[in-house]
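**Q** Here it is: the structure, laid out below.
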Amino acid sequence: MLICISKFFINAQSLANLFYRKLIMANKPVKYFLVDAFTDSAFKGNPAAVCLLEEERDDEWLQAVAREFNISQTCFLSPLTEPADSVVASVPRFRLRWFTTVAEVNLCGHATLAASHILFAYDMVKSDTIEFSTLSGILTAKRVVDSQPSDSSISENGASTPDNSLIELDFPVVPVIEYNGASNAEVAMISKSLNGASFNEIYKATTVDDFLILLPSGKAVEEVEPNFVEILKCSGRGLIITAPAPTGSGFDFYSRFFCPKLGIYEDPVCGSAHCALAPYWSKKLGKCDFIAYQASARSGILNLHLDDENKRVLLRGKAVAVMEGTLLV
């Protein structure tokens, strides 16, 4: 009797192992990395999950994985073999998609930086340039040496970093216009969204429908305690707040970004928001090169160049891989 029971459990275990193996074979395991972007320190900057796809997955699965990671952005990389409309000849090219916990988005800077970092750091490409086919067209990432390490390598404690290499992303400008048509109700709602913090100007990022709000100082940006219930009521998609950086900080401007409608209450470091901030501050400061500080709790640093003629923003930054693993489903 005991022998029969033992055989039963052995057979059940064998069947379970067989089922598990078939499940894995039906869906190829997906390698992933967790990367902190726009920082040279782990647990700072903006975390993004980078998933390497060997086969197509449906949108429902992609969105479910993004919900599982439960961070601001999860991106999915798929190699492309026929770069017929390549911007640069003979460079590796990948399809790149970005998902928040609730929706796919058209543009994401920090997850693109994270994906580029993995491809470069793990020698997955034999080139210093990568192309990404995205919902915002063809975007490029380059591995570059910073020509001004004393500026672009500023860390949160003021010390320079030993490595002056950066990844440069070529992104489209997000045009901004002064929002003169704001009603008294909208102004009041923005004020409530910032918990009564004073502000000087209201602009609108036209292609993404974000409000861009100028505050009196970098300290004011740091001290804002957002009211997310009120931000959800605003007519725009999200809320960018910004101000001149404190004198002697080494930065040109501070910013923060709130976007609860996309499941991102505060984006720790938002590359795409800086595609609107760069042209805005270019007009304010009369220059095209900036060192920007995103004053979230995790904080982050962006080196920016505005190419006004071609309507492009070059975002340069660093990244750190902090985790890797495998999705089994």
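Residue numbering restarts at 1 in every chain; chains get A, B, ... in the order shown in the structure tokens, and ligands count up from 1 in that same order.
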Quick one: residues within 10 Å of Ser282 of chain A, only C-alpha atoms, excluding same-chain residues fewer than 6 positions away - as a ChimeraX atom specification?
**A** /A:288-290,305-306,308
**Q** Save out the residues we just selected, N, CA, C and O atoms, as an mmCIF file, in the first residue's frame.
**A**
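File produced: again_11.cif:
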```cif
data_model
loop_
_atom_site.group_PDB
_atom_site.id
_atom_site.type_symbol
_atom_site.label_atom_id
_atom_site.label_comp_id
_atom_site.auth_asym_id
_atom_site.auth_seq_id
_atom_site.Cartn_x
_atom_site.Cartn_y
_atom_site.Cartn_z
ATOM 1 N N CYS A 288 21.098 77.357 -25.400
ATOM 2 C CA CYS A 288 20.602 76.078 -25.924
ATOM 3 C C CYS A 288 21.130 74.864 -25.175
ATOM 4 O O CYS A 288 20.717 73.742 -25.468
ATOM 5 N N ASP A 289 22.038 75.082 -24.227
ATOM 6 C CA ASP A 289 22.608 73.969 -23.474
ATOM 7 C C ASP A 289 22.304 74.152 -21.991
ATOM 8 O O ASP A 289 22.487 75.260 -21.443
ATOM 9 N N PHE A 290 21.863 73.067 -21.358
ATOM 10 C CA PHE A 290 21.400 73.152 -19.978
ATOM 11 C C PHE A 290 21.849 71.939 -19.178
ATOM 12 O O PHE A 290 21.979 70.838 -19.713
ATOM 13 N N HIS A 305 20.621 69.583 -24.824
ATOM 14 C CA HIS A 305 20.946 70.509 -25.908
ATOM 15 C C HIS A 305 19.719 70.660 -26.797
ATOM 16 O O HIS A 305 19.141 69.662 -27.246
ATOM 17 N N LEU A 306 19.328 71.907 -27.039
ATOM 18 C CA LEU A 306 18.205 72.188 -27.927
ATOM 19 C C LEU A 306 18.717 72.518 -29.321
ATOM 20 O O LEU A 306 19.490 73.463 -29.501
ATOM 21 N N ASP A 308 17.261 73.984 -32.120
ATOM 22 C CA ASP A 308 16.039 74.712 -32.459
ATOM 23 C C ASP A 308 15.729 74.640 -33.950
ATOM 24 O O ASP A 308 14.562 74.587 -34.348
#
```
**Q** Need to verify the contact set: segment 166-179 of chain A, 9 Å, only C-alpha atoms, exclusion of same-chain residues closer than 6 positions in sequence. Can you return it as a PyMOL selection string?
**A** chain A and resi 107+109+112-113+116-117+136+139-146+201-208+211-212+272-280+303+306-308+310-319
**Q** Which is closest to Lys28 of chain A among A:Glu131, A:Glu104, A:Glu55, A:Glu225, if we use only C-alpha atoms?
**A** A:Glu55
**Q** One decimal, Å: what's the distance from atom CA of Gly300 of chain A over to atom CA of Ser165 of chain A, could you say?
**A**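 Atom-to-atom, atom CA of Gly300 of chain A to atom CA of Ser165 of chain A, that is 16.3 Å.
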**Q** Give me the residues within 7 Å of segment 33-42 of chain A as a list in words, counting only C-alpha atoms and dropping any in the same chain fewer than 4 places off.
**A**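 Close residues of segment 33-42 of chain A: Asn46, Pro47, Ala48, Ala49, Val50, Cys51, His110, Leu113, Ala114, Gly300, Ile301, Leu302, Gly317, Lys318, Ala319, Val320, Ala321, Val322, Met323, Glu324 and Gly325 of chain A.
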**Q** Enumerate, as a list in words, the complete set of residues in segment 169-252 of chain A that a backbone-based DSSP assignment places in strand (DSSP E or B).
**A**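 These are the residues in question: Leu169, Asp170, Phe171, Pro172, Val176, Ile177, Glu178, Glu201, Ile202, Tyr203, Lys204, Ala205, Asp210, Phe211, Leu212, Ile213, Leu214, Leu239, Ile240, Ile241, Thr242, Ala243 and Pro244 of chain A.
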